[in-house]
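Asker: You'll find work_21.csv just under this line, and it carries CSV, C-alpha atoms.
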```
chain,number,residue,atom,x,y,z
A,10,MET,CA,52.6,15.2,66.1
A,11,PRO,CA,56.2,14.8,64.8
A,12,ASP,CA,57.1,17.5,62.4
A,13,LEU,CA,57.5,16.9,58.7
A,14,PHE,CA,61.3,17.1,58.9
A,15,LYS,CA,61.4,14.2,61.3
A,16,LYS,CA,59.2,12.1,59.1
A,17,ILE,CA,61.2,12.8,56.0
A,18,ALA,CA,64.5,12.2,57.8
A,19,ALA,CA,63.3,8.8,59.1
A,20,ARG,CA,62.5,7.7,55.5
A,21,LEU,CA,66.0,8.4,54.3
A,22,PRO,CA,68.8,5.8,54.5
A,23,GLY,CA,71.0,6.1,57.6
A,24,PRO,CA,74.6,5.1,58.2
A,25,GLY,CA,75.6,1.5,57.6
A,26,ASN,CA,76.7,1.2,61.3
A,27,ALA,CA,75.2,3.5,63.9
A,28,ALA,CA,78.0,2.8,66.4
A,29,ARG,CA,80.7,3.8,63.9
A,30,TYR,CA,78.8,7.0,63.1
A,31,PHE,CA,78.6,7.9,66.8
A,32,ARG,CA,82.4,7.4,67.2
A,33,LYS,CA,83.3,9.4,64.1
A,34,ALA,CA,80.9,12.2,65.0
A,35,GLY,CA,82.3,12.4,68.5
A,36,ILE,CA,78.9,11.7,70.2
A,37,ASP,CA,79.6,10.6,73.8
A,38,ALA,CA,76.5,8.5,74.3
A,39,PHE,CA,73.1,7.5,73.1
A,40,PHE,CA,70.2,8.6,75.4
A,41,PRO,CA,67.0,6.9,74.1
A,42,PHE,CA,63.8,7.2,76.1
A,43,TYR,CA,60.3,5.8,76.2
A,44,HIS,CA,57.1,6.3,78.3
A,45,ALA,CA,55.4,2.9,78.5
A,46,ILE,CA,55.6,-0.5,76.8
A,47,SER,CA,52.3,-2.4,76.7
A,48,ASP,CA,50.5,-5.2,74.9
A,49,ARG,CA,47.1,-3.6,75.5
A,50,GLU,CA,45.5,-0.3,74.6
A,51,LEU,CA,45.8,2.4,77.2
A,52,PRO,CA,43.0,4.9,76.9
A,53,HIS,CA,44.8,7.6,78.8
A,54,VAL,CA,47.7,7.4,76.2
A,55,LYS,CA,45.7,6.4,73.1
A,56,HIS,CA,45.2,9.9,71.7
A,57,LEU,CA,48.6,11.3,72.7
A,58,TYR,CA,51.4,9.1,71.2
A,59,PRO,CA,51.8,5.6,69.8
A,60,LEU,CA,52.9,2.8,72.2
A,61,ARG,CA,55.5,0.1,71.5
A,62,ASN,CA,54.3,-3.4,72.5
A,63,VAL,CA,56.5,-5.8,74.3
A,64,GLU,CA,57.7,-7.7,71.2
A,65,GLN,CA,58.4,-4.4,69.4
A,66,PHE,CA,60.4,-3.2,72.4
A,67,LYS,CA,62.4,-6.4,72.5
A,68,LYS,CA,63.3,-5.9,68.9
A,69,ASP,CA,64.2,-2.3,69.6
A,70,LEU,CA,66.5,-3.5,72.4
A,71,ASP,CA,68.1,-6.1,70.2
A,72,PHE,CA,69.0,-3.5,67.7
A,73,MET,CA,70.3,-1.0,70.3
A,74,LEU,CA,72.3,-3.7,72.1
A,75,GLU,CA,74.0,-4.7,68.9
A,76,HIS,CA,75.3,-1.2,68.4
A,77,PHE,CA,75.5,0.3,71.9
A,78,LEU,CA,76.7,-0.7,75.4
A,79,PRO,CA,73.9,-0.4,78.0
A,80,VAL,CA,75.2,1.7,80.9
A,81,LYS,CA,73.7,2.7,84.2
A,82,MET,CA,73.1,6.4,84.5
A,83,SER,CA,75.3,6.8,87.7
A,84,GLU,CA,78.1,4.8,86.1
A,85,PHE,CA,78.0,6.9,82.9
A,86,LEU,CA,78.0,10.2,84.8
A,87,SER,CA,80.9,9.1,87.0
A,88,GLY,CA,82.8,7.4,84.2
A,89,SER,CA,83.0,4.2,86.2
A,90,PHE,CA,82.2,1.7,83.5
A,91,LEU,CA,84.3,-0.3,81.1
A,92,MET,CA,84.4,1.2,77.6
A,93,ASP,CA,83.6,-1.1,74.7
A,94,PRO,CA,85.6,0.1,71.6
A,95,ALA,CA,82.9,-1.3,69.3
A,96,ARG,CA,79.8,0.0,71.1
A,97,PRO,CA,79.3,3.6,72.5
A,98,PRO,CA,77.5,3.8,75.8
A,99,MET,CA,73.7,3.9,75.8
A,100,VAL,CA,71.8,5.3,78.8
A,101,LEU,CA,68.1,4.2,78.6
A,102,SER,CA,65.3,6.1,80.5
A,103,PHE,CA,61.5,6.2,80.8
A,104,ASP,CA,59.3,9.1,81.6
A,105,ASP,CA,56.2,9.6,83.7
A,106,GLY,CA,56.6,6.7,86.1
A,107,LEU,CA,53.9,4.5,84.5
A,108,ILE,CA,52.9,1.2,86.0
A,109,GLN,CA,53.8,-0.7,82.8
A,110,CYS,CA,57.5,0.1,83.7
A,111,TYR,CA,57.2,-2.4,86.5
A,112,GLU,CA,54.8,-4.8,85.0
A,113,GLU,CA,56.1,-5.1,81.4
A,114,VAL,CA,59.3,-3.1,81.0
A,115,MET,CA,61.3,-4.3,84.0
A,116,PRO,CA,61.1,-8.1,83.3
A,117,VAL,CA,62.4,-7.4,79.7
A,118,LEU,CA,65.3,-5.2,81.0
A,119,MET,CA,66.2,-7.7,83.7
A,120,SER,CA,66.2,-10.6,81.3
A,121,ARG,CA,68.7,-8.7,79.1
A,122,GLY,CA,70.8,-7.1,81.8
A,123,VAL,CA,69.9,-3.6,80.7
A,124,PRO,CA,69.9,-0.8,83.3
A,125,ALA,CA,67.5,2.1,83.1
A,126,THR,CA,66.5,5.3,84.9
A,127,PHE,CA,62.8,6.2,85.5
A,128,PHE,CA,61.7,9.8,85.8
A,129,LEU,CA,58.8,10.4,88.2
A,130,ASN,CA,56.1,13.0,88.8
A,131,ASN,CA,55.8,13.4,92.6
A,132,ALA,CA,52.0,14.2,92.5
A,133,PHE,CA,51.1,11.0,90.5
A,134,ILE,CA,53.0,8.4,92.5
A,135,ASP,CA,50.5,5.9,94.1
A,136,ASN,CA,47.9,7.1,91.6
A,137,ARG,CA,47.0,10.1,93.8
A,138,SER,CA,46.2,12.2,90.7
A,139,MET,CA,46.8,12.2,87.0
A,140,PHE,CA,48.7,14.1,84.3
A,141,PHE,CA,46.3,16.6,82.6
A,142,ARG,CA,47.2,15.3,79.1
A,143,PHE,CA,46.2,11.8,80.1
A,144,LYS,CA,42.9,13.3,81.3
A,145,VAL,CA,42.5,14.9,77.8
A,146,SER,CA,43.0,11.5,76.1
A,147,LEU,CA,40.4,9.9,78.4
A,148,LEU,CA,37.9,12.7,77.7
A,149,VAL,CA,38.4,12.5,73.9
A,150,GLU,CA,37.7,8.7,74.2
A,151,GLN,CA,34.7,9.2,76.5
A,152,LEU,CA,33.1,11.9,74.4
A,153,LYS,CA,32.7,9.4,71.5
A,154,THR,CA,29.9,7.7,73.4
A,155,VAL,CA,28.2,10.4,75.5
A,156,SER,CA,24.9,12.1,74.6
A,157,ASP,CA,24.6,15.3,72.6
A,158,THR,CA,23.4,17.0,75.8
A,159,LYS,CA,26.7,16.2,77.5
A,160,LYS,CA,28.7,17.2,74.4
A,161,ASN,CA,27.0,20.5,74.5
A,162,ARG,CA,27.9,21.0,78.1
A,163,ALA,CA,31.5,20.2,77.2
A,164,ALA,CA,31.5,22.6,74.3
A,165,GLN,CA,30.2,25.4,76.5
A,166,ILE,CA,33.0,24.9,79.1
A,167,LEU,CA,35.6,24.8,76.3
A,168,HIS,CA,34.0,27.8,74.5
A,169,CYS,CA,34.0,26.0,71.2
A,170,GLU,CA,31.6,24.5,68.6
A,171,LEU,CA,30.6,20.8,68.9
A,172,SER,CA,32.8,19.9,65.9
A,173,GLU,CA,35.8,21.5,67.6
A,174,ILE,CA,35.7,19.7,70.9
A,175,ARG,CA,38.5,17.3,70.2
A,176,THR,CA,40.8,19.9,68.7
A,177,ARG,CA,40.1,22.2,71.7
A,178,LEU,CA,40.8,19.5,74.2
A,179,MET,CA,44.0,18.5,72.5
A,180,SER,CA,45.2,22.1,72.8
A,181,VAL,CA,44.7,22.4,76.5
A,182,ASN,CA,47.9,23.4,78.2
A,183,TYR,CA,49.4,23.2,81.7
A,184,VAL,CA,48.2,26.7,82.7
A,185,GLU,CA,44.6,25.9,82.0
A,186,ARG,CA,44.7,22.2,83.0
A,187,GLU,CA,41.8,22.5,85.5
A,188,ILE,CA,39.4,22.8,82.6
A,189,THR,CA,39.8,19.0,82.1
A,190,ASP,CA,38.2,18.4,85.5
A,191,GLN,CA,35.4,20.8,84.6
A,192,VAL,CA,34.6,19.0,81.4
A,193,ALA,CA,34.7,15.6,83.3
A,194,ASP,CA,32.2,16.9,85.9
A,195,ALA,CA,29.9,18.2,83.1
A,196,ILE,CA,29.7,14.8,81.3
A,197,GLY,CA,29.7,12.7,84.5
A,198,TYR,CA,33.1,11.1,84.1
A,199,SER,CA,35.4,10.3,87.0
A,200,PHE,CA,39.2,10.3,86.7
A,201,SER,CA,39.5,8.9,90.2
A,202,GLU,CA,37.3,5.9,89.4
A,203,TYR,CA,39.5,5.3,86.3
A,204,LEU,CA,42.6,5.3,88.5
A,205,MET,CA,41.1,2.9,90.9
A,206,ARG,CA,39.9,0.5,88.2
A,207,ASP,CA,43.0,0.7,86.0
A,208,PRO,CA,46.0,2.2,87.9
A,209,VAL,CA,48.2,4.4,85.7
A,210,TYR,CA,51.2,5.0,87.8
A,211,LEU,CA,53.9,3.2,89.8
A,212,THR,CA,53.3,2.9,93.6
A,213,SER,CA,55.9,3.4,96.2
A,214,MET,CA,56.1,-0.3,96.7
A,215,HIS,CA,56.9,-0.7,93.0
A,216,ILE,CA,59.6,2.0,93.1
A,217,LYS,CA,61.3,0.4,96.2
A,218,LYS,CA,61.3,-3.0,94.5
A,219,MET,CA,62.8,-1.5,91.4
A,220,LEU,CA,65.5,0.3,93.4
A,221,ASP,CA,66.3,-3.0,95.1
A,222,GLU,CA,66.9,-4.5,91.6
A,223,GLY,CA,69.4,-1.7,90.8
A,224,PHE,CA,67.2,0.6,88.7
A,225,GLU,CA,67.6,4.4,89.2
A,226,PHE,CA,65.1,7.2,89.5
A,227,GLY,CA,64.9,10.9,88.9
A,228,SER,CA,62.5,13.8,88.8
A,229,HIS,CA,60.2,14.8,86.0
A,230,GLY,CA,58.6,17.7,87.8
A,231,ILE,CA,55.9,17.5,90.5
A,232,ASP,CA,53.0,17.4,88.1
A,233,HIS,CA,54.5,17.4,84.6
A,234,PRO,CA,54.5,21.1,83.8
A,235,LEU,CA,55.6,22.8,80.6
A,236,PHE,CA,58.4,24.8,82.3
A,237,GLY,CA,58.7,27.1,79.3
A,238,LEU,CA,55.5,28.7,80.5
A,239,LEU,CA,56.7,29.3,84.0
A,240,LYS,CA,58.9,32.1,85.4
A,241,LYS,CA,62.6,31.3,86.2
A,242,GLN,CA,62.2,31.3,90.0
A,243,THR,CA,59.0,29.3,89.9
A,244,THR,CA,60.9,26.7,87.8
A,245,ILE,CA,63.8,26.5,90.1
A,246,ASP,CA,61.6,26.3,93.2
A,247,HIS,CA,59.4,23.6,91.6
A,248,ILE,CA,62.4,21.4,90.5
A,249,GLN,CA,64.1,21.8,93.9
A,250,ALA,CA,60.9,20.8,95.8
A,251,SER,CA,60.4,17.8,93.5
A,252,MET,CA,64.0,16.6,93.8
A,253,GLU,CA,64.1,17.0,97.6
A,254,ASP,CA,60.9,15.1,98.0
A,255,LEU,CA,62.0,12.2,95.9
A,256,LYS,CA,65.4,12.0,97.6
A,257,LYS,CA,63.9,12.0,101.0
A,258,ARG,CA,61.1,9.6,100.2
A,259,TYR,CA,63.2,7.0,98.4
A,260,ASN,CA,66.7,7.7,99.9
A,261,LEU,CA,68.1,8.6,96.5
A,262,SER,CA,71.8,9.4,96.5
A,263,HIS,CA,71.7,11.4,93.2
A,264,SER,CA,69.7,14.2,91.7
A,265,TYR,CA,68.7,13.6,88.1
A,266,PHE,CA,66.1,15.8,86.4
A,267,ALA,CA,64.4,15.3,83.0
A,268,PHE,CA,62.4,18.2,81.6
A,269,PRO,CA,58.8,17.1,80.8
A,270,PHE,CA,57.6,17.9,77.3
A,271,THR,CA,60.7,19.9,76.3
A,272,ASP,CA,63.2,22.3,77.7
A,273,SER,CA,62.4,24.7,74.9
A,274,GLY,CA,61.6,28.2,76.4
A,275,VAL,CA,63.6,27.5,79.5
A,276,GLU,CA,66.3,30.1,79.9
A,277,ASP,CA,69.9,28.9,80.0
A,278,SER,CA,70.4,30.9,83.2
A,279,THR,CA,67.8,28.7,84.8
A,280,ILE,CA,69.7,25.5,84.0
A,281,ASP,CA,72.9,27.2,85.1
A,282,ALA,CA,71.2,28.0,88.5
A,283,LEU,CA,70.1,24.3,88.9
A,284,PHE,CA,73.7,23.2,88.6
A,285,LYS,CA,75.2,26.0,90.6
A,286,MET,CA,72.7,25.6,93.5
A,287,ASN,CA,73.4,21.8,93.5
A,288,ILE,CA,69.7,21.1,92.9
A,289,ILE,CA,70.6,18.7,90.1
A,290,ASP,CA,73.6,16.5,89.3
A,291,ALA,CA,72.5,15.9,85.8
A,292,GLY,CA,69.8,17.3,83.5
A,293,PHE,CA,68.0,16.1,80.3
A,294,GLY,CA,66.1,17.6,77.4
A,295,THR,CA,64.3,15.8,74.6
A,296,ALA,CA,65.8,17.4,71.5
A,297,GLY,CA,67.5,14.3,70.0
A,298,LEU,CA,71.1,14.2,68.9
A,299,LYS,CA,71.9,17.8,69.7
A,300,GLU,CA,74.8,19.2,71.5
A,301,ASP,CA,74.4,21.3,74.7
A,302,LYS,CA,76.3,23.7,76.9
A,303,TRP,CA,76.9,21.8,80.1
A,304,PRO,CA,78.9,18.6,80.7
A,305,GLY,CA,76.2,17.2,82.9
A,306,TYR,CA,73.3,18.1,80.6
A,307,HIS,CA,72.2,15.8,77.8
A,308,GLN,CA,69.6,15.7,75.1
A,309,ARG,CA,67.6,12.4,74.8
A,310,VAL,CA,66.1,10.8,71.7
A,311,PRO,CA,62.3,10.1,71.9
A,312,MET,CA,61.7,6.6,70.6
A,313,GLU,CA,57.9,6.5,70.2
A,314,LEU,CA,56.8,9.6,68.3
A,315,LEU,CA,57.2,8.3,64.8
A,316,ASP,CA,55.8,4.9,65.7
A,317,LYS,CA,58.8,3.3,64.0
A,318,ASP,CA,61.4,0.7,65.1
A,319,ALA,CA,64.6,1.8,66.9
A,320,LYS,CA,66.7,1.5,63.8
A,321,THR,CA,64.4,3.8,61.7
A,322,THR,CA,64.0,6.3,64.6
A,323,LEU,CA,67.8,6.5,65.1
A,324,ASN,CA,68.5,6.8,61.4
A,325,GLY,CA,66.1,9.7,61.3
A,326,GLU,CA,67.8,11.4,64.3
A,327,ILE,CA,71.2,10.9,62.6
A,328,ASN,CA,69.9,12.4,59.3
A,329,ARG,CA,68.5,15.4,61.2
A,330,ARG,CA,71.8,15.9,62.9
A,331,ARG,CA,73.7,15.7,59.6
A,332,ALA,CA,71.4,18.4,58.2
A,333,ARG,CA,71.8,20.6,61.3
A,334,LYS,CA,75.6,20.3,61.2
A,335,LEU,CA,75.6,21.5,57.6
A,336,THR,CA,73.8,24.7,58.7
A,337,GLY,CA,75.7,25.1,62.0
A,338,SER,CA,72.6,24.7,64.1
A,339,ASN,CA,73.2,21.5,66.1
A,340,VAL,CA,73.6,23.3,69.4
A,341,THR,CA,70.4,23.4,71.4
A,342,ARG,CA,68.9,26.9,71.5
A,343,ARG,CA,66.1,27.4,74.0
```
Mind turning the file's structure into structure tokens?
Answerer:
Amino acid sequence: MPDLFKKIAARLPGPGNAARYFRKAGIDAFFPFYHAISDRELPHVKHLYPLRNVEQFKKDLDFMLEHFLPVKMSEFLSGSFLMDPARPPMVLSFDDGLIQCYEEVMPVLMSRGVPATFFLNNAFIDNRSMFFRFKVSLLVEQLKTVSDTKKNRAAQILHCELSEIRTRLMSVNYVEREITDQVADAIGYSFSEYLMRDPVYLTSMHIKKMLDEGFEFGSHGIDHPLFGLLKKQTTIDHIQASMEDLKKRYNLSHSYFAFPFTDSGVEDSTIDALFKMNIIDAGFGTAGLKEDKWPGYHQRVPMELLDKDAKTTLNGEINRRRARKLTGSNVTRR
């Protein structure tokens, strides 16, 4: 859930012109990101975050394109794009490699000439397995209709009362992610069948077609871990393995990495090592309009959490940045 500060900031009026604010504030670029855009309900996402539908996304893009110049990730990082004095650059990205990025997002982007980067989880490509948080959402939805006997089995596995099952499921973290499979077995639910019936992720065929159209890809971790829970060397090894696999599989010429969830809790020395060991060319967090310590490291703005349009979401981020600047706390602290 977005914190109270974000909600309040989004309700306050923003600047009259977002592009002018970016220029005056010395912000190099706007890095918005989404997960999926869809005109239908997605049970695996339903209980995690709100989705923008296609029409809402088109309106978001209309606002962003009015104020910002859409730029390809590689061109922004290399500086090989023509600056627009009236519009700061915007580098759009999508996380988790969801199939809607091919089916519903790509046609919209192509019709407007907007480039984007898609961050993939190696283990989920081709629907071979599923993010544990998506499993949580599916279980929450499924447990609405199962018998009390099955609910009791789930409660026993989760070590909670019947009334606490939803809360306990929603609190499951990466380290204990296997518990979702145990609950599914106990209530007779199959994640594999769900993936076969309703694919969640991009396939290698989709990815290659998107590459052919000029879209770019990066790593989001092998299986979407919360890296703040992992040791430094484990984190470095994980990201290196993920990046090397994607570069080999899809002949990528770059190494972009976006931290899943957040980079909070990740030591600065870890990010230093990723750059010094040439594991990544560029890295990304999710802290909004915050400054960071490395020229190749950028904080992105989540565009879905408040379930608001792009203008309201960006105004909220600008207001939060203004407040942080007043207290001298706008540099990311992990």
Asker: A:Asp290, A:Glu173, A:Glu112, A:Asp272: which is nearest Met219 of chain A, counting all atoms listed in the file?
Answerer: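 Comparing A:Asp290, A:Glu173, A:Glu112, A:Asp272 against Met219 of chain A, the winner is A:Glu112.
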Asker: List as a VMD selection string the protein and nucleic acid residues near Leu171 of chain A, meaning an atom at most 8 Å away when only C-alpha atoms are counted, but skip any in the same chain fewer than 4 places from it.
Answerer: chain A and resid 160 to 161 164
Asker: I want to know what sits within 7 Å of Ala267 of chain A, based on only C-alpha atoms, with residues of the same chain fewer than 5 positions away left out; could you give that as a list in words?
Answerer: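 My list of contacting residues is Phe128, Ser228, His229, Gly292, Phe293 and Gly294 of chain A.
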Asker: Can I get the selected residues back with C-alpha atoms, as a PDB file, in the coordinates of the input?
Answerer:
```
ATOM      1  CA  PHE A 128      61.700   9.800  85.800  1.00  0.00           C
ATOM      2  CA  SER A 228      62.500  13.800  88.800  1.00  0.00           C
ATOM      3  CA  HIS A 229      60.200  14.800  86.000  1.00  0.00           C
ATOM      4  CA  GLY A 292      69.800  17.300  83.500  1.00  0.00           C
ATOM      5  CA  PHE A 293      68.000  16.100  80.300  1.00  0.00           C
ATOM      6  CA  GLY A 294      66.100  17.600  77.400  1.00  0.00           C
TER       7      GLY A 294
END
```
Asker: What's around Arg309 of chain A at 9 Å? Count all atoms listed in the file, leave out sequence neighbours fewer than 3 positions away in its own chain, and write the answer as a ChimeraX atom specification.
Answerer: /A:39-42,102,293-299
Asker: Find the residue from A:Val275, A:Pro269, A:Cys169, A:Ser83 that sits nearest to Gly305 of chain A; use only C-alpha atoms when measuring.
Answerer: A:Ser83
Asker: Hey, what's within 8 Å of segment 244-250 of chain A if we count all atoms listed in the file and toss same-chain stuff fewer than 3 positions away? As number ranges by chain, please?
Answerer: A: 228, 230-231, 236, 239-241, 253-254, 266, 279, 282-283, 288
Asker: Distance atom CA of His56 of chain A-atom CA of Leu129 of chain A, one decimal place?
Answerer: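 Separating atom CA of His56 of chain A from atom CA of Leu129 of chain A is a distance of 21.4 Å.
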Asker: May I ask for the distance between atom CA of Thr212 of chain A and atom CA of Ile196 of chain A, given in Å to one decimal place?
Answerer: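 If I compute the distance from atom CA of Thr212 of chain A to atom CA of Ile196 of chain A, I get 29.2 Å.
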Asker: Of the candidates A:Tyr259, A:Tyr58, A:Ile327, A:Thr176, which one gets nearest to Gly25 of chain A if we count all atoms listed in the file?
Answerer: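 Answer, going by the shortest atom-to-atom distance: A:Ile327.
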Asker: What residues have an atom no more than 6 Å from (66.9, 13.2, 90.7) in the file's own frame, counting all atoms listed in the file, and can you write them as a short mmCIF file (atom, residue, chain, number, x, y, z; two decimals) with C-alpha atoms, in the coordinates of the input?
Answerer:
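And here's result_3.cif as it stands now:
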```
data_model
loop_
_atom_site.label_atom_id
_atom_site.label_comp_id
_atom_site.auth_asym_id
_atom_site.auth_seq_id
_atom_site.Cartn_x
_atom_site.Cartn_y
_atom_site.Cartn_z
CA GLY A 227 64.90 10.90 88.90
CA SER A 228 62.50 13.80 88.80
CA MET A 252 64.00 16.60 93.80
CA HIS A 263 71.70 11.40 93.20
CA SER A 264 69.70 14.20 91.70
CA TYR A 265 68.70 13.60 88.10
CA PHE A 266 66.10 15.80 86.40
#
```
Asker: List as a list in words the protein and nucleic acid residues near Met115 of chain A, meaning an atom at most 10 Å away when all atoms listed in the file are counted, but skip any in the same chain fewer than 3 places from it.
Answerer: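 The residues that qualify are Ile46, Gln109, Cys110, Tyr111, Glu112, Leu118, Met119, Ser120, Arg121, Val123, Pro124, Ala125, Met219, Glu222 and Phe224 of chain A.
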Asker: Taking C-alpha atoms for each residue, export the selection above as a tab-separated table (two decimals), in the coordinates of the input.
Answerer:
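The resulting out_20.tsv:
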```tsv
chain	number	residue	atom	x	y	z
A	46	ILE	CA	55.60	-0.50	76.80
A	109	GLN	CA	53.80	-0.70	82.80
A	110	CYS	CA	57.50	0.10	83.70
A	111	TYR	CA	57.20	-2.40	86.50
A	112	GLU	CA	54.80	-4.80	85.00
A	118	LEU	CA	65.30	-5.20	81.00
A	119	MET	CA	66.20	-7.70	83.70
A	120	SER	CA	66.20	-10.60	81.30
A	121	ARG	CA	68.70	-8.70	79.10
A	123	VAL	CA	69.90	-3.60	80.70
A	124	PRO	CA	69.90	-0.80	83.30
A	125	ALA	CA	67.50	2.10	83.10
A	219	MET	CA	62.80	-1.50	91.40
A	222	GLU	CA	66.90	-4.50	91.60
A	224	PHE	CA	67.20	0.60	88.70
```
Asker: Please measure the separation of atom CA of Thr243 of chain A and atom CA of Gln308 of chain A, giving the value in Å to one decimal.
Answerer: 22.7 Å
Asker: Would you please work out which residue, of A:Arg142, A:Lys217, A:Lys334, A:Arg177, is nearest to Lys55 of chain A when using all atoms listed in the file?
Answerer: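 Comparing A:Arg142, A:Lys217, A:Lys334, A:Arg177 against Lys55 of chain A, the winner is A:Arg142.
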Asker: Go through A:Phe103, A:Phe127, A:Phe90, A:Phe270 and flag the residue nearest Phe140 of chain A, using all atoms listed in the file for the distances.
Answerer: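 The shortest atom-to-atom distance to Phe140 of chain A comes from A:Phe270.
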Asker: Point out the residue among A:Gly106, A:Pro97, A:Asn136, A:Val80 with the least atom-to-atom distance to Arg206 of chain A, counting all atoms listed in the file.
Answerer: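 Among A:Gly106, A:Pro97, A:Asn136, A:Val80, it is A:Asn136 that comes nearest to Arg206 of chain A.
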